[in-house]
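For reference, query_36.json (JSON, C-alpha atoms and all ligand atoms):
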```json
[["chain", "number", "residue", "atom", "x", "y", "z"],
["A", 1, "MET", "CA", 22.88, 51.82, -68.65],
["A", 2, "ASN", "CA", 20.74, 48.66, -68.80],
["A", 3, "ILE", "CA", 22.24, 45.37, -67.71],
["A", 4, "ILE", "CA", 21.31, 41.74, -67.08],
["A", 5, "LEU", "CA", 22.68, 39.59, -64.26],
["A", 6, "LEU", "CA", 22.63, 35.97, -65.34],
["A", 7, "GLY", "CA", 23.25, 33.05, -63.00],
["A", 8, "PRO", "CA", 21.61, 30.15, -61.18],
["A", 9, "PRO", "CA", 19.65, 30.51, -57.93],
["A", 10, "GLY", "CA", 22.09, 31.50, -55.19],
["A", 11, "ALA", "CA", 24.72, 32.85, -57.60],
["A", 12, "GLY", "CA", 24.55, 36.20, -55.83],
["A", 13, "LYS", "CA", 22.45, 38.17, -58.32],
["A", 14, "GLY", "CA", 20.32, 39.90, -55.70],
["A", 15, "THR", "CA", 23.28, 40.63, -53.44],
["A", 16, "GLN", "CA", 25.26, 42.22, -56.26],
["A", 17, "ALA", "CA", 22.27, 44.00, -57.82],
["A", 18, "LYS", "CA", 21.74, 45.93, -54.58],
["A", 19, "ARG", "CA", 25.39, 46.98, -54.54],
["A", 20, "ILE", "CA", 25.34, 48.06, -58.19],
["A", 21, "GLU", "CA", 22.14, 50.01, -57.52],
["A", 22, "GLU", "CA", 23.96, 52.02, -54.90],
["A", 23, "ALA", "CA", 27.21, 52.42, -56.81],
["A", 24, "LYS", "CA", 25.74, 53.19, -60.22],
["A", 25, "GLY", "CA", 22.30, 54.64, -59.55],
["A", 26, "LEU", "CA", 20.55, 51.88, -61.47],
["A", 27, "VAL", "CA", 17.29, 50.23, -60.40],
["A", 28, "GLN", "CA", 17.12, 46.50, -59.59],
["A", 29, "LEU", "CA", 14.27, 44.71, -61.34],
["A", 30, "SER", "CA", 13.83, 41.27, -59.79],
["A", 31, "THR", "CA", 11.03, 39.21, -61.32],
["A", 32, "GLY", "CA", 11.29, 36.89, -58.29],
["A", 33, "ASP", "CA", 10.58, 39.82, -55.92],
["A", 34, "MET", "CA", 7.74, 41.03, -58.13],
["A", 35, "LEU", "CA", 6.18, 37.57, -58.27],
["A", 36, "ARG", "CA", 6.51, 37.09, -54.49],
["A", 37, "ALA", "CA", 4.79, 40.45, -53.98],
["A", 38, "ALA", "CA", 1.99, 39.32, -56.32],
["A", 39, "VAL", "CA", 1.61, 36.05, -54.41],
["A", 40, "ALA", "CA", 1.50, 37.92, -51.08],
["A", 41, "ALA", "CA", -1.10, 40.32, -52.45],
["A", 42, "GLY", "CA", -3.19, 37.42, -53.77],
["A", 43, "SER", "CA", -3.50, 39.09, -57.19],
["A", 44, "GLU", "CA", -4.43, 37.21, -60.35],
["A", 45, "VAL", "CA", -0.76, 37.04, -61.37],
["A", 46, "GLY", "CA", 0.11, 35.78, -57.89],
["A", 47, "MET", "CA", -2.49, 33.05, -58.02],
["A", 48, "LYS", "CA", -1.15, 31.83, -61.33],
["A", 49, "ALA", "CA", 2.47, 31.83, -60.11],
["A", 50, "LYS", "CA", 2.12, 30.47, -56.58],
["A", 51, "GLU", "CA", 2.21, 26.72, -57.11],
["A", 52, "VAL", "CA", 4.87, 26.74, -59.81],
["A", 53, "MET", "CA", 7.15, 28.85, -57.60],
["A", 54, "ALA", "CA", 6.63, 26.58, -54.60],
["A", 55, "ALA", "CA", 7.66, 23.60, -56.73],
["A", 56, "GLY", "CA", 10.76, 25.34, -58.10],
["A", 57, "GLY", "CA", 9.55, 25.50, -61.69],
["A", 58, "LEU", "CA", 9.41, 28.52, -63.98],
["A", 59, "VAL", "CA", 6.21, 30.53, -64.30],
["A", 60, "SER", "CA", 4.95, 31.13, -67.83],
["A", 61, "ASP", "CA", 6.93, 33.32, -70.19],
["A", 62, "GLU", "CA", 3.81, 35.29, -71.01],
["A", 63, "LEU", "CA", 3.27, 36.25, -67.39],
["A", 64, "VAL", "CA", 6.81, 37.47, -66.63],
["A", 65, "ILE", "CA", 7.20, 39.21, -69.98],
["A", 66, "GLY", "CA", 4.02, 41.16, -69.22],
["A", 67, "ILE", "CA", 5.34, 42.15, -65.79],
["A", 68, "ILE", "CA", 8.68, 43.35, -67.17],
["A", 69, "SER", "CA", 7.12, 45.16, -70.10],
["A", 70, "ASP", "CA", 4.96, 47.24, -67.74],
["A", 71, "ARG", "CA", 7.75, 47.80, -65.24],
["A", 72, "ILE", "CA", 10.32, 49.21, -67.68],
["A", 73, "ASP", "CA", 7.86, 51.90, -68.72],
["A", 74, "GLU", "CA", 7.89, 53.42, -65.25],
["A", 75, "ASP", "CA", 9.68, 56.71, -64.58],
["A", 76, "ASP", "CA", 12.19, 55.49, -62.02],
["A", 77, "VAL", "CA", 13.99, 53.13, -64.43],
["A", 78, "GLN", "CA", 14.54, 55.55, -67.29],
["A", 79, "ASP", "CA", 18.19, 56.13, -66.29],
["A", 80, "GLY", "CA", 18.93, 52.42, -66.25],
["A", 81, "PHE", "CA", 18.04, 49.08, -64.76],
["A", 82, "ILE", "CA", 19.56, 45.81, -63.61],
["A", 83, "LEU", "CA", 17.54, 42.77, -64.62],
["A", 84, "ASP", "CA", 17.87, 40.15, -61.87],
["A", 85, "GLY", "CA", 16.22, 36.80, -62.65],
["A", 86, "PHE", "CA", 14.92, 37.82, -66.08],
["A", 87, "PRO", "CA", 15.22, 36.61, -68.81],
["A", 88, "ARG", "CA", 15.23, 32.95, -67.79],
["A", 89, "THR", "CA", 14.34, 31.31, -71.10],
["A", 90, "VAL", "CA", 15.28, 31.94, -74.72],
["A", 91, "ALA", "CA", 11.66, 32.98, -75.39],
["A", 92, "GLN", "CA", 11.97, 35.62, -72.65],
["A", 93, "ALA", "CA", 15.26, 36.88, -74.10],
["A", 94, "GLU", "CA", 13.71, 37.17, -77.55],
["A", 95, "ALA", "CA", 10.70, 39.00, -76.13],
["A", 96, "LEU", "CA", 13.04, 41.35, -74.27],
["A", 97, "ASP", "CA", 14.87, 42.18, -77.50],
["A", 98, "VAL", "CA", 11.56, 43.09, -79.12],
["A", 99, "LEU", "CA", 10.42, 45.13, -76.10],
["A", 100, "LEU", "CA", 13.64, 47.10, -75.89],
["A", 101, "LYS", "CA", 13.53, 47.86, -79.59],
["A", 102, "GLU", "CA", 9.92, 49.04, -79.38],
["A", 103, "LYS", "CA", 10.77, 51.26, -76.44],
["A", 104, "SER", "CA", 14.02, 52.54, -78.05],
["A", 105, "LYS", "CA", 16.15, 51.20, -75.22],
["A", 106, "ASN", "CA", 19.51, 49.48, -75.31],
["A", 107, "LEU", "CA", 20.97, 46.50, -73.55],
["A", 108, "ASP", "CA", 24.56, 47.37, -72.57],
["A", 109, "VAL", "CA", 25.97, 44.26, -70.97],
["A", 110, "VAL", "CA", 25.02, 40.80, -69.72],
["A", 111, "ILE", "CA", 27.10, 39.64, -66.75],
["A", 112, "GLU", "CA", 27.19, 35.88, -66.28],
["A", 113, "MET", "CA", 28.05, 34.79, -62.73],
["A", 114, "GLN", "CA", 29.83, 31.46, -62.94],
["A", 115, "VAL", "CA", 29.28, 29.21, -59.92],
["A", 116, "GLU", "CA", 29.35, 25.50, -59.14],
["A", 117, "ASP", "CA", 26.10, 23.70, -58.30],
["A", 118, "ASP", "CA", 27.00, 22.09, -54.98],
["A", 119, "PRO", "CA", 27.89, 25.24, -53.00],
["A", 120, "LEU", "CA", 24.62, 26.80, -54.18],
["A", 121, "ILE", "CA", 22.57, 24.46, -52.02],
["A", 122, "LYS", "CA", 24.35, 25.77, -48.94],
["A", 123, "ARG", "CA", 24.06, 29.37, -50.08],
["A", 124, "ILE", "CA", 20.33, 29.08, -50.57],
["A", 125, "THR", "CA", 19.42, 27.05, -47.52],
["A", 126, "GLY", "CA", 21.39, 29.56, -45.38],
["A", 127, "ARG", "CA", 19.86, 32.66, -46.97],
["A", 128, "SER", "CA", 17.72, 35.20, -45.13],
["A", 129, "THR", "CA", 16.54, 38.72, -45.91],
["A", 130, "CYS", "CA", 15.69, 41.69, -43.72],
["A", 131, "GLY", "CA", 11.91, 42.00, -43.94],
["A", 132, "SER", "CA", 12.19, 45.68, -43.19],
["A", 133, "CYS", "CA", 14.80, 46.95, -45.70],
["A", 134, "GLY", "CA", 15.49, 43.97, -47.99],
["A", 135, "GLU", "CA", 19.18, 43.57, -47.11],
["A", 136, "GLY", "CA", 20.35, 40.00, -47.78],
["A", 137, "TYR", "CA", 22.14, 37.79, -45.25],
["A", 138, "HIS", "CA", 23.62, 34.32, -44.93],
["A", 139, "ASP", "CA", 23.91, 32.16, -41.80],
["A", 140, "GLU", "CA", 27.59, 31.58, -42.48],
["A", 141, "PHE", "CA", 28.82, 33.86, -45.28],
["A", 142, "LYS", "CA", 27.16, 37.14, -44.39],
["A", 143, "LYS", "CA", 26.06, 37.40, -40.80],
["A", 144, "PRO", "CA", 24.89, 40.71, -39.36],
["A", 145, "ALA", "CA", 27.55, 42.49, -37.25],
["A", 146, "VAL", "CA", 25.28, 42.21, -34.21],
["A", 147, "GLU", "CA", 23.29, 38.99, -33.99],
["A", 148, "GLY", "CA", 19.58, 39.47, -34.67],
["A", 149, "LYS", "CA", 20.02, 43.08, -35.86],
["A", 150, "CYS", "CA", 20.04, 44.20, -39.50],
["A", 151, "ASP", "CA", 23.28, 46.08, -40.31],
["A", 152, "LYS", "CA", 21.41, 48.51, -42.51],
["A", 153, "CYS", "CA", 18.22, 49.39, -40.66],
["A", 154, "GLY", "CA", 18.55, 47.81, -37.20],
["A", 155, "ALA", "CA", 15.37, 45.75, -37.50],
["A", 156, "ASN", "CA", 15.10, 42.24, -36.10],
["A", 157, "ASP", "CA", 13.00, 40.71, -38.87],
["A", 158, "PHE", "CA", 15.03, 38.09, -40.72],
["A", 159, "GLN", "CA", 12.88, 36.22, -43.20],
["A", 160, "ARG", "CA", 13.39, 33.03, -45.16],
["A", 161, "ARG", "CA", 11.77, 32.15, -48.46],
["A", 162, "ALA", "CA", 9.45, 29.14, -48.51],
["A", 163, "ASP", "CA", 11.18, 27.87, -51.67],
["A", 164, "ASP", "CA", 14.69, 28.03, -50.14],
["A", 165, "ASN", "CA", 14.72, 24.37, -49.09],
["A", 166, "GLU", "CA", 17.00, 21.72, -50.52],
["A", 167, "GLU", "CA", 14.36, 19.83, -52.50],
["A", 168, "THR", "CA", 13.05, 22.94, -54.26],
["A", 169, "VAL", "CA", 16.57, 24.22, -54.88],
["A", 170, "ARG", "CA", 17.38, 21.02, -56.75],
["A", 171, "SER", "CA", 14.34, 21.56, -59.00],
["A", 172, "ARG", "CA", 15.36, 25.18, -59.52],
["A", 173, "LEU", "CA", 18.85, 24.10, -60.54],
["A", 174, "VAL", "CA", 17.41, 21.64, -63.07],
["A", 175, "ALA", "CA", 15.24, 24.45, -64.47],
["A", 176, "TYR", "CA", 18.32, 26.66, -64.67],
["A", 177, "HIS", "CA", 20.43, 24.15, -66.59],
["A", 178, "GLU", "CA", 17.64, 23.17, -68.96],
["A", 179, "GLN", "CA", 15.98, 26.49, -69.63],
["A", 180, "THR", "CA", 18.25, 29.37, -68.59],
["A", 181, "ALA", "CA", 21.81, 28.21, -69.30],
["A", 182, "PRO", "CA", 21.19, 28.41, -73.10],
["A", 183, "LEU", "CA", 21.12, 32.19, -72.64],
["A", 184, "VAL", "CA", 24.90, 32.14, -72.22],
["A", 185, "ASP", "CA", 25.15, 31.19, -75.89],
["A", 186, "TYR", "CA", 22.34, 33.50, -76.86],
["A", 187, "TYR", "CA", 24.08, 36.56, -75.41],
["A", 188, "GLY", "CA", 27.54, 35.26, -76.32],
["A", 189, "LYS", "CA", 26.56, 35.73, -79.96],
["A", 190, "THR", "CA", 25.63, 39.37, -79.37],
["A", 191, "GLY", "CA", 29.11, 40.27, -78.06],
["A", 192, "LYS", "CA", 27.52, 41.69, -74.89],
["A", 193, "LEU", "CA", 28.33, 38.79, -72.57],
["A", 194, "LYS", "CA", 30.93, 39.14, -69.81],
["A", 195, "SER", "CA", 31.58, 36.19, -67.50],
["A", 196, "ILE", "CA", 32.91, 36.51, -63.98],
["A", 197, "ASP", "CA", 33.81, 34.12, -61.17],
["A", 198, "GLY", "CA", 30.92, 34.06, -58.69],
["A", 199, "MET", "CA", 32.68, 31.73, -56.24],
["A", 200, "VAL", "CA", 34.96, 34.38, -54.73],
["A", 201, "ALA", "CA", 34.05, 36.59, -51.75],
["A", 202, "ILE", "CA", 31.08, 38.95, -52.11],
["A", 203, "ASP", "CA", 33.31, 42.08, -52.17],
["A", 204, "ASP", "CA", 35.53, 40.59, -54.87],
["A", 205, "VAL", "CA", 32.53, 39.78, -57.06],
["A", 206, "THR", "CA", 31.35, 43.39, -56.67],
["A", 207, "ALA", "CA", 34.80, 44.69, -57.65],
["A", 208, "ALA", "CA", 34.82, 42.53, -60.80],
["A", 209, "MET", "CA", 31.37, 43.79, -61.75],
["A", 210, "LEU", "CA", 32.15, 47.45, -61.17],
["A", 211, "ASP", "CA", 35.25, 46.99, -63.27],
["A", 212, "ILE", "CA", 33.11, 45.75, -66.17],
["A", 213, "LEU", "CA", 30.62, 48.60, -65.72],
["A", 214, "SER", "CA", 33.18, 51.40, -65.53],
["B", 301, "LIG", "P1", 16.59, 32.99, -57.24],
["B", 301, "LIG", "O1", 17.20, 34.35, -57.19],
["B", 301, "LIG", "O2", 16.84, 32.20, -56.01],
["B", 301, "LIG", "O3", 16.88, 32.29, -58.52],
["B", 301, "LIG", "P2", 14.09, 34.29, -57.86],
["B", 301, "LIG", "O4", 13.69, 35.14, -56.73],
["B", 301, "LIG", "O5", 14.75, 34.95, -59.02],
["B", 301, "LIG", "O6", 15.02, 33.13, -57.27],
["B", 301, "LIG", "O7", 12.86, 33.48, -58.42],
["B", 301, "LIG", "C1", 12.02, 32.74, -57.57],
["B", 301, "LIG", "C2", 11.01, 31.95, -58.40],
["B", 301, "LIG", "O8", 10.19, 32.86, -59.14],
["B", 301, "LIG", "C3", 11.63, 31.04, -59.46],
["B", 301, "LIG", "O9", 11.99, 29.77, -58.95],
["B", 301, "LIG", "C4", 10.49, 30.96, -60.49],
["B", 301, "LIG", "O10", 9.47, 30.08, -60.04],
["B", 301, "LIG", "C5", 9.91, 32.37, -60.43],
["B", 301, "LIG", "N1", 10.54, 33.27, -61.43],
["B", 301, "LIG", "C6", 11.29, 34.37, -61.17],
["B", 301, "LIG", "N2", 11.69, 34.97, -62.31],
["B", 301, "LIG", "C7", 11.19, 34.22, -63.33],
["B", 301, "LIG", "C8", 11.27, 34.29, -64.75],
["B", 301, "LIG", "N3", 11.95, 35.27, -65.37],
["B", 301, "LIG", "N4", 10.62, 33.33, -65.47],
["B", 301, "LIG", "C9", 9.92, 32.35, -64.88],
["B", 301, "LIG", "N5", 9.83, 32.21, -63.54],
["B", 301, "LIG", "C10", 10.44, 33.13, -62.76],
["B", 302, "LIG", "P1", 20.49, 35.01, -56.08],
["B", 302, "LIG", "O1", 19.80, 36.36, -56.09],
["B", 302, "LIG", "O2", 21.37, 34.82, -57.29],
["B", 302, "LIG", "O3", 19.54, 33.87, -55.91],
["B", 302, "LIG", "P2", 21.59, 35.89, -53.49],
["B", 302, "LIG", "O4", 22.23, 37.19, -53.84],
["B", 302, "LIG", "O5", 20.31, 35.95, -52.78],
["B", 302, "LIG", "O6", 21.47, 34.97, -54.83],
["B", 302, "LIG", "O7", 22.64, 35.02, -52.67],
["B", 302, "LIG", "C1", 22.28, 33.75, -52.11],
["B", 302, "LIG", "C2", 22.89, 33.61, -50.72],
["B", 302, "LIG", "O8", 24.31, 33.47, -50.83],
["B", 302, "LIG", "C3", 22.66, 34.82, -49.80],
["B", 302, "LIG", "O9", 22.45, 34.34, -48.48],
["B", 302, "LIG", "C4", 23.96, 35.62, -49.91],
["B", 302, "LIG", "O10", 24.25, 36.32, -48.70],
["B", 302, "LIG", "C5", 24.99, 34.53, -50.17],
["B", 302, "LIG", "N1", 26.06, 34.96, -51.10],
["B", 302, "LIG", "C6", 25.94, 35.77, -52.18],
["B", 302, "LIG", "N2", 27.12, 35.92, -52.83],
["B", 302, "LIG", "C7", 28.02, 35.18, -52.12],
["B", 302, "LIG", "C8", 29.44, 34.93, -52.27],
["B", 302, "LIG", "N3", 30.14, 35.47, -53.27],
["B", 302, "LIG", "N4", 30.01, 34.12, -51.37],
["B", 302, "LIG", "C9", 29.29, 33.56, -50.34],
["B", 302, "LIG", "N5", 27.97, 33.75, -50.15],
["B", 302, "LIG", "C10", 27.34, 34.55, -51.03],
["B", 303, "ZN", "ZN", 17.17, 45.90, -42.59]]
```
Please render this file's structure as structure tokens.
Ligand code: ADP
Ligand code: ADP
Ligand code: ZN
Amino acid sequence: MNIILLGPPGAGKGTQAKRIEEAKGLVQLSTGDMLRAAVAAGSEVGMKAKEVMAAGGLVSDELVIGIISDRIDEDDVQDGFILDGFPRTVAQAEALDVLLKEKSKNLDVVIEMQVEDDPLIKRITGRSTCGSCGEGYHDEFKKPAVEGKCDKCGANDFQRRADDNEETVRSRLVAYHEQTAPLVDYYGKTGKLKSIDGMVAIDDVTAAMLDILS
């Protein structure tokens, strides 16, 4: 099964993708994670993406389409993947259609996470991630059971993204409304779109998603 999680920054795509990975045996493909790894490695892709990401804009379609095209050829995703943060423009969605066709793969469902803008600022500025295992946290909405200790792996290595500040989030939200929101219509026309309420508690969002996927 191949699915897309669609929603603005802070909607909960990464949080839910990790849960669906575990429940359904699918592989999360986050273009944001891939781009951050490229920036950290100082690769050519990373050098091209760095400044745009820091400003909260979108990196070029060509670059992310290339990354995804290569990634979905790899062995570990042949039983299914969850696209998290891709596609983000109509051009990316069109390129994905072409890629999937060429590779004889199907898109099963696109889950749109509906959330309001204002609470997203708080979600993003309070976000942290375990640098050791990748588990996501929030200062208020998802604290570790023991302060300073990752629930999953026990590490004390909570990291924050440089672009998770209020100013950049506002730019990212503008980019979402202008360039990504049109994908709701795009996938609506295919009959593959399912919309869920992303404002409820994390567990309830997971339940709604698993219901769609079962
Ligand atoms: P969030 O989950 O908070 O929306 P991501 O980790 O998905 O953030 O993305 C971080 C940044 O990486 C984006 O603001 C953008 O600059 C870049 N990026 C990620 N995916 C894409 C994409 N599909 N197209 C263009 N830029 C992207
Ligand atoms: P995205 O990948 O869409 O940018 P994340 O999954 O990283 O979003 O979630 C952003 C922040 O909001 C994280 O700190 C996460 O713990 C928190 N969060 C995610 N879903 C919810 C929810 N349903 N209610 C409250 N906080 C949430
Ligand atoms: Zn951890």
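Between atom CA of Gly134 of chain A and atom CA of Met53 of chain A lies a distance of 19.8 Å.
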So that each row is one residue of segment 113-165 of chain A with an atom at most 12 Å from segment 55-69 of chain A, can you give its shortest atom pair and the distance in Å to one decimal, using only C-alpha atoms, rows by chain and rising number, as a tab-separated table?
```
residue	atom	partner	partner_atom	distance
A:Arg161	CA	A:Gly56	CA	11.8
A:Ala162	CA	A:Ala55	CA	10.1
A:Asp163	CA	A:Gly56	CA	6.9
A:Asp164	CA	A:Gly56	CA	9.3
A:Asn165	CA	A:Gly56	CA	9.9
```
Taking (11.2, 33.1, -73.0) in the file's coordinates as the center, which residues reach within 10 Å of it, counting all atoms listed in the file, put as a PDB file with C-alpha atoms, in the frame of the given file?
```pdb
ATOM      1  CA  SER A  60       4.950  31.130 -67.830  1.00  0.00           C
ATOM      2  CA  ASP A  61       6.930  33.320 -70.190  1.00  0.00           C
ATOM      3  CA  GLU A  62       3.810  35.290 -71.010  1.00  0.00           C
ATOM      4  CA  VAL A  64       6.810  37.470 -66.630  1.00  0.00           C
ATOM      5  CA  ILE A  65       7.200  39.210 -69.980  1.00  0.00           C
ATOM      6  CA  PHE A  86      14.920  37.820 -66.080  1.00  0.00           C
ATOM      7  CA  PRO A  87      15.220  36.610 -68.810  1.00  0.00           C
ATOM      8  CA  ARG A  88      15.230  32.950 -67.790  1.00  0.00           C
ATOM      9  CA  THR A  89      14.340  31.310 -71.100  1.00  0.00           C
ATOM     10  CA  VAL A  90      15.280  31.940 -74.720  1.00  0.00           C
ATOM     11  CA  ALA A  91      11.660  32.980 -75.390  1.00  0.00           C
ATOM     12  CA  GLN A  92      11.970  35.620 -72.650  1.00  0.00           C
ATOM     13  CA  ALA A  93      15.260  36.880 -74.100  1.00  0.00           C
ATOM     14  CA  GLU A  94      13.710  37.170 -77.550  1.00  0.00           C
ATOM     15  CA  ALA A  95      10.700  39.000 -76.130  1.00  0.00           C
ATOM     16  CA  LEU A  96      13.040  41.350 -74.270  1.00  0.00           C
ATOM     17  CA  GLN A 179      15.980  26.490 -69.630  1.00  0.00           C
ATOM     18  CA  THR A 180      18.250  29.370 -68.590  1.00  0.00           C
ATOM     19  CA  LEU A 183      21.120  32.190 -72.640  1.00  0.00           C
TER      20      LEU A 183
END
```
Could you check the closest approach to Arg172 of chain A for each of A:Met113, A:Leu107, A:Ala201, A:Ala54 and tell me which residue wins, using all atoms listed in the file?
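Among the listed residues, the smallest separation from Arg172 of chain A belongs to A:Ala54.
Across the structure, atom N5 of ligand LIG 302 (chain B) and atom CA of Gln28 of chain A are spaced 19.2 Å apart.
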Contacts of Leu35 of chain A at 10 Å or less, counting only C-alpha atoms, minus same-chain residues fewer than 4 places along, as a ChimeraX atom specification?
/A:30-31,39-41,43,45-50,53,59,63-64,67
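One distance worth recording is that between atom CA of Asp33 of chain A and atom C2 of ligand LIG 302 (chain B), which is 14.7 Å.
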Contacts of ligand LIG 302 (chain B), 6 Å or closer, only C-alpha atoms and all ligand atoms, given as an mmCIF file with C-alpha atoms, in the coordinates of the input:
```
data_model
loop_
_atom_site.group_PDB
_atom_site.id
_atom_site.type_symbol
_atom_site.label_atom_id
_atom_site.label_comp_id
_atom_site.auth_asym_id
_atom_site.auth_seq_id
_atom_site.Cartn_x
_atom_site.Cartn_y
_atom_site.Cartn_z
ATOM 1 C CA PRO A 9 19.650 30.510 -57.930
ATOM 2 C CA GLY A 10 22.090 31.500 -55.190
ATOM 3 C CA ALA A 11 24.720 32.850 -57.600
ATOM 4 C CA GLY A 12 24.550 36.200 -55.830
ATOM 5 C CA LYS A 13 22.450 38.170 -58.320
ATOM 6 C CA GLY A 14 20.320 39.900 -55.700
ATOM 7 C CA THR A 15 23.280 40.630 -53.440
ATOM 8 C CA ARG A 123 24.060 29.370 -50.080
ATOM 9 C CA ILE A 124 20.330 29.080 -50.570
ATOM 10 C CA GLY A 126 21.390 29.560 -45.380
ATOM 11 C CA ARG A 127 19.860 32.660 -46.970
ATOM 12 C CA SER A 128 17.720 35.200 -45.130
ATOM 13 C CA GLY A 136 20.350 40.000 -47.780
ATOM 14 C CA TYR A 137 22.140 37.790 -45.250
ATOM 15 C CA HIS A 138 23.620 34.320 -44.930
ATOM 16 C CA PHE A 141 28.820 33.860 -45.280
ATOM 17 C CA LYS A 142 27.160 37.140 -44.390
ATOM 18 C CA GLY A 198 30.920 34.060 -58.690
ATOM 19 C CA MET A 199 32.680 31.730 -56.240
ATOM 20 C CA VAL A 200 34.960 34.380 -54.730
ATOM 21 C CA ALA A 201 34.050 36.590 -51.750
ATOM 22 C CA ILE A 202 31.080 38.950 -52.110
#
```
Starting from 4 Å padding per side, set up an axis-aligned box that covers all listed atoms of ligand LIG 301 (chain B) and hand over centre and edge lengths in Å, one decimal, as JSON.
```
{"center_x": 13.3, "center_y": 32.5, "center_z": -60.7, "size_x": 15.7, "size_y": 13.5, "size_z": 17.5}
```
Write only all heavy atoms for segment 40-45 of chain A from the block just shown, as an mmCIF file, in the first residue's frame.
```cif
data_model
loop_
_atom_site.group_PDB
_atom_site.id
_atom_site.type_symbol
_atom_site.label_atom_id
_atom_site.label_comp_id
_atom_site.auth_asym_id
_atom_site.auth_seq_id
_atom_site.Cartn_x
_atom_site.Cartn_y
_atom_site.Cartn_z
ATOM 1 N N ALA A 40 23.048 18.498 6.273
ATOM 2 C CA ALA A 40 24.029 18.123 7.298
ATOM 3 C C ALA A 40 25.279 17.505 6.675
ATOM 4 O O ALA A 40 26.388 17.716 7.159
ATOM 5 C CB ALA A 40 23.398 17.149 8.302
ATOM 6 N N ALA A 41 25.073 16.760 5.584
ATOM 7 C CA ALA A 41 26.202 16.097 4.928
ATOM 8 C C ALA A 41 26.977 17.061 4.026
ATOM 9 O O ALA A 41 28.074 16.743 3.558
ATOM 10 C CB ALA A 41 25.701 14.910 4.106
ATOM 11 N N GLY A 42 26.369 18.244 3.773
ATOM 12 C CA GLY A 42 27.033 19.218 2.910
ATOM 13 C C GLY A 42 27.111 18.779 1.456
ATOM 14 O O GLY A 42 27.993 19.207 0.713
ATOM 15 N N SER A 43 26.174 17.918 1.036
ATOM 16 C CA SER A 43 26.181 17.439 -0.358
ATOM 17 C C SER A 43 25.711 18.545 -1.296
ATOM 18 O O SER A 43 25.251 19.604 -0.860
ATOM 19 C CB SER A 43 25.251 16.234 -0.498
ATOM 20 O OG SER A 43 23.910 16.666 -0.335
ATOM 21 N N GLU A 44 25.800 18.270 -2.592
ATOM 22 C CA GLU A 44 25.387 19.262 -3.585
ATOM 23 C C GLU A 44 23.908 19.610 -3.408
ATOM 24 O O GLU A 44 23.531 20.780 -3.420
ATOM 25 C CB GLU A 44 25.641 18.679 -4.980
ATOM 26 C CG GLU A 44 25.831 19.756 -6.019
ATOM 27 C CD GLU A 44 25.993 19.153 -7.407
ATOM 28 O OE1 GLU A 44 26.711 18.147 -7.551
ATOM 29 O OE2 GLU A 44 25.366 19.702 -8.334
ATOM 30 N N VAL A 45 23.083 18.574 -3.217
ATOM 31 C CA VAL A 45 21.650 18.785 -2.974
ATOM 32 C C VAL A 45 21.465 19.653 -1.733
ATOM 33 O O VAL A 45 20.694 20.620 -1.726
ATOM 34 C CB VAL A 45 20.915 17.422 -2.783
ATOM 35 C CG1 VAL A 45 19.529 17.627 -2.195
ATOM 36 C CG2 VAL A 45 20.834 16.667 -4.106
#
```
